[in-house]
Amino acid sequence: MEAGALVPRSATDLAVEMLSESRAVALIGPRQSGKSTLAKHLLAPRWRATYLTLDDAGTRHAALDDPTNFIARVSGPTIIDEIQRAPDLMLAMKIRLDQDNTPGQFLIAGSANLTQIRTVKDALPGRVLYLDIWPLSQAEIEGWSHGAVDQLMDGVIPTIEQAPIGPSSYLDRFARGGFPGLLGRSSRVRRQFFDSYLDSIVERDIPDLAALRSLDGPARILRLVATRSAGLLNVASLARDLHMDNKTVDHHLRILRDLMLVRLHQPWFANLGSRESKSPKVYITDPGLLAALAGADPIGIQRNSNLLGSFLETAVCMEIVRLAATAATHIETFHYRDKKQREVDIVLERSDGTIVCIEVKAGATALSSDFRSLRYLRDGVGDKFAAGIVLHCGERTLPFGDRLAAVPISALWTPSRP
């Protein structure tokens with residue numbers, strides 16, 4: 001795809017639907033994930049609105065000095081971008097929304113998880129719908145909008161043939177990441193982008209969210225988390241390696257989670273008789289950012305077996321998170337691990353209790369032993385188990401028993417064979 005191309009987003013239709021039914025909609029996602037483009041350009045033909053951004057100094061100062069008057073002077077559908085830079089606007093917005101039930105009044109966007117900012121929690125519960133805007137999924141980059149996650153939740157396992165073979169077939173793709181501004185860019189430009197991206201986070205976004213004595217703490221933690229992405233979170237170990245106390249590390253991790261640079265997947269509990277892990281797994285939310293933090297290109301990733309496994313799981317997991325964000329039904333993401341070392345990398349659970357279990361393997365050949373944990377959960381959960389798949393680097397989909405199959409990773413962005 002050419003640099004600078006406007007990529008259709010799978011969230012566009014959902015955002016329009018939400019604006020037609022809710023007084024306010026919030027787009028939340030990491031910086032540079034495409035929120036502003038979605039708000040200003042992709043929605044424009046279907047939802048006309050005035051665009052304001054708090055990145056503009058004059059607009060920001062007006063919002064900070066008198067938030068009530070700022071909102072009072074706004075008329076008609078309005079987009080307010082980077083709203084985390086003046087969170088008191090939420091309280092003024094609450095007054096407007098309580099007086100007027102008209103849908104589609106505000107579209108707010110922020111480079112932070114607005115639901116974790118106390119002002120938002122207090123001001124807008126029940127008045128706003130939230131939509132996660134992640135960096136581009138590979139399906140969006142390929143121009144194929146589909147419901148791979150929805151299909152799996154319905155027990156439909158994709159049939160793929162002639163997929164690329166081996167992890168090297170995927171590393172270039174994933175190491176580019178999903179930030180729209182990097183489409184078609186060279187590896188040198190991508191390195192410069194991530195350097196300035198992290199500087200921007202430290203210099204602007206972290207101060208907007210928290211008053212810290214030292215701004216380099218979250219950045220140091222982010223780099224260390226990158227070495228442990230797709231592993232169990234161990235705050236004490238991070239604290240020991242960084243020479244910080246546990247509370248400080250935990251606080252900085254919350255900031256990184258609020259900025260949606262780090263994501264935790266909580267353990268899924270099946271209560272099947274074996275003691276289950278209570279520790280979450282931690283992920284860097286974009287594989288391109290992970291590669292930059294690790295200082296590794298695709299060749300370096302492939303040569304490091306430990307990094308290869310964690311990188312590929314991170315990339316696949318976050319690809320699934322992106323697809324789930326616009327799925328037809330609400331889907332939550334977990335992992336599973338018990339004291340007998342039965343592990344499942346990704347457990348997707350629908351609101352009706354249906355689950356899909358996914359393992360990620362860097363190899364091109366799936367073995368029966370790769371399905372040990374999937375069989376355990378299938379047999380223990382019963383009818384609520386829709387499908388169990390091993391996403392691998394092989395050529396085609398292969399059945400491995402009742403509701404189980406090995407499926408090429410490319411199924412996440414490739415049409416299935418009829």
# chains A, B, ... in the order shown; residues from 1 in each chain; ligands from 1
$ select_by_dssp --residues "stretch 69-258 of chain A" --states "helix (DSSP H, G or I)" --output "VMD selection string"
chain A and resid 69 to 72 83 to 85 89 to 99 114 to 116 118 to 123 138 to 141 148 to 153 168 to 175 180 to 182 187 to 209 216 to 226 235 to 242 246 to 258
$ select_by_dssp --residues "stretch 334-372 of chain A" --states "strand (DSSP E)" --output "NGL selection string"
:A and (334-337 or 343-350 or 355-360)
$ write_last_selection --atoms "N, CA, C and O atoms" --output "JSON list (two decimals), in the first residue's frame"
[["chain", "number", "residue", "atom", "x", "y", "z"],
["A", 334, "PHE", "N", -8.72, -13.34, 27.10],
["A", 334, "PHE", "CA", -8.06, -13.87, 28.29],
["A", 334, "PHE", "C", -6.92, -14.79, 27.86],
["A", 334, "PHE", "O", -6.67, -15.01, 26.68],
["A", 335, "HIS", "N", -6.26, -15.38, 28.86],
["A", 335, "HIS", "CA", -5.35, -16.50, 28.64],
["A", 335, "HIS", "C", -5.67, -17.56, 29.68],
["A", 335, "HIS", "O", -6.40, -17.30, 30.65],
["A", 336, "TYR", "N", -5.13, -18.76, 29.49],
["A", 336, "TYR", "CA", -5.38, -19.84, 30.45],
["A", 336, "TYR", "C", -4.06, -20.51, 30.82],
["A", 336, "TYR", "O", -3.20, -20.75, 29.97],
["A", 337, "ARG", "N", -3.93, -20.82, 32.11],
["A", 337, "ARG", "CA", -2.76, -21.56, 32.59],
["A", 337, "ARG", "C", -3.11, -22.19, 33.93],
["A", 337, "ARG", "O", -3.75, -21.55, 34.77],
["A", 343, "GLU", "N", -1.57, -24.66, 29.10],
["A", 343, "GLU", "CA", -1.62, -23.25, 28.75],
["A", 343, "GLU", "C", -2.36, -23.07, 27.43],
["A", 343, "GLU", "O", -2.25, -23.89, 26.53],
["A", 344, "VAL", "N", -3.11, -21.99, 27.35],
["A", 344, "VAL", "CA", -3.71, -21.56, 26.09],
["A", 344, "VAL", "C", -3.40, -20.07, 25.95],
["A", 344, "VAL", "O", -3.71, -19.27, 26.83],
["A", 345, "ASP", "N", -2.78, -19.71, 24.82],
["A", 345, "ASP", "CA", -2.32, -18.34, 24.65],
["A", 345, "ASP", "C", -3.46, -17.34, 24.68],
["A", 345, "ASP", "O", -3.36, -16.28, 25.32],
["A", 346, "ILE", "N", -4.54, -17.65, 24.00],
["A", 346, "ILE", "CA", -5.66, -16.70, 23.86],
["A", 346, "ILE", "C", -6.97, -17.44, 24.07],
["A", 346, "ILE", "O", -7.23, -18.45, 23.41],
["A", 347, "VAL", "N", -7.78, -16.94, 24.99],
["A", 347, "VAL", "CA", -9.14, -17.44, 25.18],
["A", 347, "VAL", "C", -10.09, -16.28, 24.89],
["A", 347, "VAL", "O", -10.05, -15.26, 25.58],
["A", 348, "LEU", "N", -10.92, -16.43, 23.88],
["A", 348, "LEU", "CA", -11.94, -15.44, 23.55],
["A", 348, "LEU", "C", -13.26, -15.89, 24.15],
["A", 348, "LEU", "O", -13.67, -17.04, 23.95],
["A", 349, "GLU", "N", -13.93, -14.99, 24.85],
["A", 349, "GLU", "CA", -15.22, -15.35, 25.46],
["A", 349, "GLU", "C", -16.28, -14.34, 25.04],
["A", 349, "GLU", "O", -16.12, -13.14, 25.22],
["A", 350, "ARG", "N", -17.36, -14.87, 24.51],
["A", 350, "ARG", "CA", -18.51, -14.04, 24.14],
["A", 350, "ARG", "C", -19.42, -13.88, 25.35],
["A", 350, "ARG", "O", -19.33, -14.64, 26.31],
["A", 355, "ILE", "N", -16.75, -19.86, 24.12],
["A", 355, "ILE", "CA", -15.31, -19.56, 24.08],
["A", 355, "ILE", "C", -14.66, -20.14, 22.83],
["A", 355, "ILE", "O", -15.12, -21.13, 22.27],
["A", 356, "VAL", "N", -13.61, -19.48, 22.40],
["A", 356, "VAL", "CA", -12.70, -19.97, 21.37],
["A", 356, "VAL", "C", -11.30, -19.94, 21.96],
["A", 356, "VAL", "O", -10.90, -18.94, 22.58],
["A", 357, "CYS", "N", -10.56, -21.02, 21.79],
["A", 357, "CYS", "CA", -9.22, -21.11, 22.35],
["A", 357, "CYS", "C", -8.20, -21.17, 21.21],
["A", 357, "CYS", "O", -8.38, -21.91, 20.24],
["A", 358, "ILE", "N", -7.13, -20.38, 21.37],
["A", 358, "ILE", "CA", -6.16, -20.22, 20.29],
["A", 358, "ILE", "C", -4.75, -20.37, 20.84],
["A", 358, "ILE", "O", -4.38, -19.72, 21.83],
["A", 359, "GLU", "N", -3.97, -21.23, 20.20],
["A", 359, "GLU", "CA", -2.54, -21.35, 20.47],
["A", 359, "GLU", "C", -1.77, -20.78, 19.28],
["A", 359, "GLU", "O", -2.23, -20.89, 18.13],
["A", 360, "VAL", "N", -0.62, -20.19, 19.53],
["A", 360, "VAL", "CA", 0.20, -19.61, 18.47],
["A", 360, "VAL", "C", 1.53, -20.35, 18.42],
["A", 360, "VAL", "O", 2.21, -20.46, 19.45]]
$ residues_around --residues "stretch 171-175 of chain A" --least-positions-apart "5" --cutoff "9 Å" --atoms "only C-alpha atoms" --output "list in words"
Gln138, Asp286, Pro287, Gly288, Leu289, Leu290, Ala291, Ala292, Ala296, Asp297, Pro298, Ile299, Ile301, Gln302, Leu308, Phe311, Leu312, Ala315 and Val316 of chain A
$ write_last_selection --atoms "C-alpha atoms" --output "PDB file, in the first residue's frame"
ATOM      1  CA  GLN A 138      -3.602  -6.696   8.680  1.00  0.00           C
ATOM      2  CA  ASP A 286       1.758  -3.016  18.406  1.00  0.00           C
ATOM      3  CA  PRO A 287       4.317  -5.464  16.977  1.00  0.00           C
ATOM      4  CA  GLY A 288       6.115  -2.673  15.114  1.00  0.00           C
ATOM      5  CA  LEU A 289       6.591  -0.826  18.388  1.00  0.00           C
ATOM      6  CA  LEU A 290       7.722  -4.082  20.007  1.00  0.00           C
ATOM      7  CA  ALA A 291      10.358  -4.617  17.298  1.00  0.00           C
ATOM      8  CA  ALA A 292      11.573  -1.030  17.752  1.00  0.00           C
ATOM      9  CA  ALA A 296      15.470  -6.017  16.268  1.00  0.00           C
ATOM     10  CA  ASP A 297      14.652  -6.287  12.581  1.00  0.00           C
ATOM     11  CA  PRO A 298      12.913  -9.364  11.094  1.00  0.00           C
ATOM     12  CA  ILE A 299      16.236 -11.162  10.603  1.00  0.00           C
ATOM     13  CA  ILE A 301      13.880 -11.657  15.470  1.00  0.00           C
ATOM     14  CA  GLN A 302      14.127 -14.929  13.565  1.00  0.00           C
ATOM     15  CA  LEU A 308      10.611 -15.057  17.859  1.00  0.00           C
ATOM     16  CA  PHE A 311       7.019 -11.525  19.070  1.00  0.00           C
ATOM     17  CA  LEU A 312       4.800 -13.809  16.997  1.00  0.00           C
ATOM     18  CA  ALA A 315       1.554  -9.871  16.896  1.00  0.00           C
ATOM     19  CA  VAL A 316      -1.142 -12.522  16.516  1.00  0.00           C
TER      20      VAL A 316
END
$ closest_residue --among "A:Asp56, A:Asp383, A:Glu82, A:Asp132" --to "A:Val321" --atoms "only C-alpha atoms"
A:Asp132
$ residues_around --residues "A:Gln32" --least-positions-apart "4" --cutoff "12 Å" --atoms "only C-alpha atoms" --output "PyMOL selection string"
chain A and resi 28+36-38+82+109-112+133-136+177-182+193-194+196-198+200-201+259-261+286+289
$ residues_around --residues "stretch 18-20 of chain A" --least-positions-apart "4" --cutoff "12 Å" --atoms "only C-alpha atoms" --output "ChimeraX atom specification"
/A:11-14,24-27,39,43,46-49,77-79,101-108,127-131,326
$ write_last_selection --atoms "N, CA and C atoms" --output "short mmCIF file (atom, residue, chain, number, x, y, z; two decimals), in the first residue's frame"
data_model
loop_
_atom_site.label_atom_id
_atom_site.label_comp_id
_atom_site.auth_asym_id
_atom_site.auth_seq_id
_atom_site.Cartn_x
_atom_site.Cartn_y
_atom_site.Cartn_z
N ALA A 11 -13.95 0.13 11.74
CA ALA A 11 -14.71 0.79 12.81
C ALA A 11 -15.64 1.87 12.29
N THR A 12 -15.54 2.25 11.01
CA THR A 12 -16.32 3.38 10.50
C THR A 12 -17.82 3.13 10.61
N ASP A 13 -18.27 1.98 10.10
CA ASP A 13 -19.72 1.69 10.15
C ASP A 13 -20.21 1.63 11.58
N LEU A 14 -19.42 1.03 12.46
CA LEU A 14 -19.82 0.93 13.86
C LEU A 14 -19.90 2.31 14.50
N ALA A 24 -23.19 10.81 22.79
CA ALA A 24 -21.76 11.03 22.60
C ALA A 24 -21.07 9.70 22.37
N VAL A 25 -20.03 9.74 21.57
CA VAL A 25 -19.21 8.56 21.28
C VAL A 25 -17.75 8.95 21.51
N ALA A 26 -17.00 8.06 22.13
CA ALA A 26 -15.58 8.30 22.38
C ALA A 26 -14.73 7.30 21.61
N LEU A 27 -13.81 7.82 20.83
CA LEU A 27 -12.80 6.99 20.16
C LEU A 27 -11.55 7.01 21.02
N ALA A 39 -12.15 10.35 12.43
CA ALA A 39 -13.10 11.39 12.80
C ALA A 39 -13.25 12.44 11.71
N LEU A 43 -15.46 9.53 8.56
CA LEU A 43 -16.84 9.76 9.00
C LEU A 43 -17.49 10.93 8.28
N ARG A 46 -20.66 10.88 6.11
CA ARG A 46 -21.87 10.32 6.72
C ARG A 46 -22.26 11.01 8.03
N TRP A 47 -21.38 11.85 8.55
CA TRP A 47 -21.68 12.57 9.80
C TRP A 47 -20.91 13.88 9.80
N ARG A 48 -21.61 14.95 9.43
CA ARG A 48 -20.99 16.27 9.31
C ARG A 48 -20.82 16.88 10.69
N ALA A 49 -19.63 17.39 10.98
CA ALA A 49 -19.37 17.93 12.31
C ALA A 49 -18.25 18.96 12.26
N PRO A 77 -23.26 19.10 15.81
CA PRO A 77 -22.35 17.97 16.02
C PRO A 77 -20.90 18.44 16.04
N THR A 78 -20.15 17.98 17.03
CA THR A 78 -18.79 18.48 17.24
C THR A 78 -17.84 17.34 17.56
N ILE A 79 -16.66 17.40 16.94
CA ILE A 79 -15.56 16.49 17.26
C ILE A 79 -14.58 17.25 18.14
N ASN A 101 -31.18 15.12 24.83
CA ASN A 101 -31.02 13.70 24.53
C ASN A 101 -30.75 13.42 23.05
N THR A 102 -30.55 14.45 22.26
CA THR A 102 -30.33 14.26 20.84
C THR A 102 -29.09 13.40 20.59
N PRO A 103 -29.19 12.35 19.79
CA PRO A 103 -28.00 11.53 19.52
C PRO A 103 -27.01 12.26 18.62
N GLY A 104 -25.76 11.84 18.69
CA GLY A 104 -24.74 12.35 17.80
C GLY A 104 -24.30 13.77 18.07
N GLN A 105 -24.32 14.23 19.33
CA GLN A 105 -23.89 15.59 19.64
C GLN A 105 -22.38 15.73 19.64
N PHE A 106 -21.70 14.76 20.22
CA PHE A 106 -20.25 14.85 20.37
C PHE A 106 -19.57 13.55 19.95
N LEU A 107 -18.48 13.72 19.25
CA LEU A 107 -17.52 12.63 19.06
C LEU A 107 -16.22 13.10 19.70
N ILE A 108 -15.82 12.43 20.77
CA ILE A 108 -14.58 12.81 21.44
C ILE A 108 -13.53 11.74 21.18
N ARG A 127 -23.69 8.01 29.37
CA ARG A 127 -23.92 9.09 28.41
C ARG A 127 -23.07 8.96 27.16
N VAL A 128 -22.11 8.06 27.18
CA VAL A 128 -21.18 7.95 26.06
C VAL A 128 -20.90 6.47 25.77
N LEU A 129 -20.75 6.15 24.49
CA LEU A 129 -20.33 4.82 24.07
C LEU A 129 -18.87 4.89 23.66
N TYR A 130 -18.11 3.85 23.99
CA TYR A 130 -16.67 3.84 23.74
C TYR A 130 -16.34 2.87 22.62
N LEU A 131 -15.40 3.30 21.77
CA LEU A 131 -14.95 2.46 20.66
C LEU A 131 -13.43 2.51 20.59
N THR A 326 -14.27 -4.66 16.65
CA THR A 326 -15.42 -4.33 15.81
C THR A 326 -16.25 -5.56 15.49
#
$ residues_around --residues "stretch 271-285 of chain A" --least-positions-apart "6" --cutoff "9 Å" --atoms "only C-alpha atoms" --output "NGL selection string"
:A and (30 or 134-135 or 222 or 225-226 or 228-234 or 260-265 or 314-315 or 317-318 or 334-340 or 377 or 380-381)
$ closest_atom_pairs --of "stretch 139-160 of chain A" --to "stretch 385-397 of chain A" --cutoff "8 Å" --atoms "only C-alpha atoms" --output "CSV"
residue,atom,partner,partner_atom,distance
A:Leu152,CA,A:Ala387,CA,6.5
A:Met153,CA,A:Ala386,CA,6.0
A:Asp154,CA,A:Ala386,CA,6.4
A:Gly155,CA,A:Ala386,CA,4.6
A:Val156,CA,A:Ala387,CA,7.7
A:Ile157,CA,A:Ala387,CA,7.3
A:Pro158,CA,A:Thr397,CA,7.4
A:Thr159,CA,A:Thr397,CA,5.5
A:Ile160,CA,A:Arg396,CA,5.2
$ residues_around --residues "A:Leu412" --least-positions-apart "2" --cutoff "8 Å" --atoms "only C-alpha atoms" --output "PDB file with C-alpha atoms, in the first residue's frame"
ATOM      1  CA  GLN A 138      -3.602  -6.696   8.680  1.00  0.00           C
ATOM      2  CA  ALA A 139      -7.119  -7.283   7.328  1.00  0.00           C
ATOM      3  CA  ALA A 148     -12.834 -13.916  11.269  1.00  0.00           C
ATOM      4  CA  GLU A 319      -4.289  -8.765  15.558  1.00  0.00           C
ATOM      5  CA  ILE A 320      -7.129 -10.697  17.172  1.00  0.00           C
ATOM      6  CA  ILE A 409      -1.852 -17.366  10.658  1.00  0.00           C
ATOM      7  CA  SER A 410      -2.774 -15.681   7.385  1.00  0.00           C
ATOM      8  CA  THR A 414      -7.189 -13.979   3.981  1.00  0.00           C
TER       9      THR A 414
END
$ closest_residue --among "A:Lys384, A:Arg176, A:His252, A:Arg240" --to "A:Arg191" --atoms "only C-alpha atoms"
A:Arg176
$ closest_residue --among "A:Val407, A:Ala92, A:Leu293, A:Ala270" --to "A:Gly363" --atoms "only C-alpha atoms"
A:Val407
$ atom_distance --atom1 "atom CA of A:Glu332" --atom2 "atom CA of A:Gly382"
19.2 Å
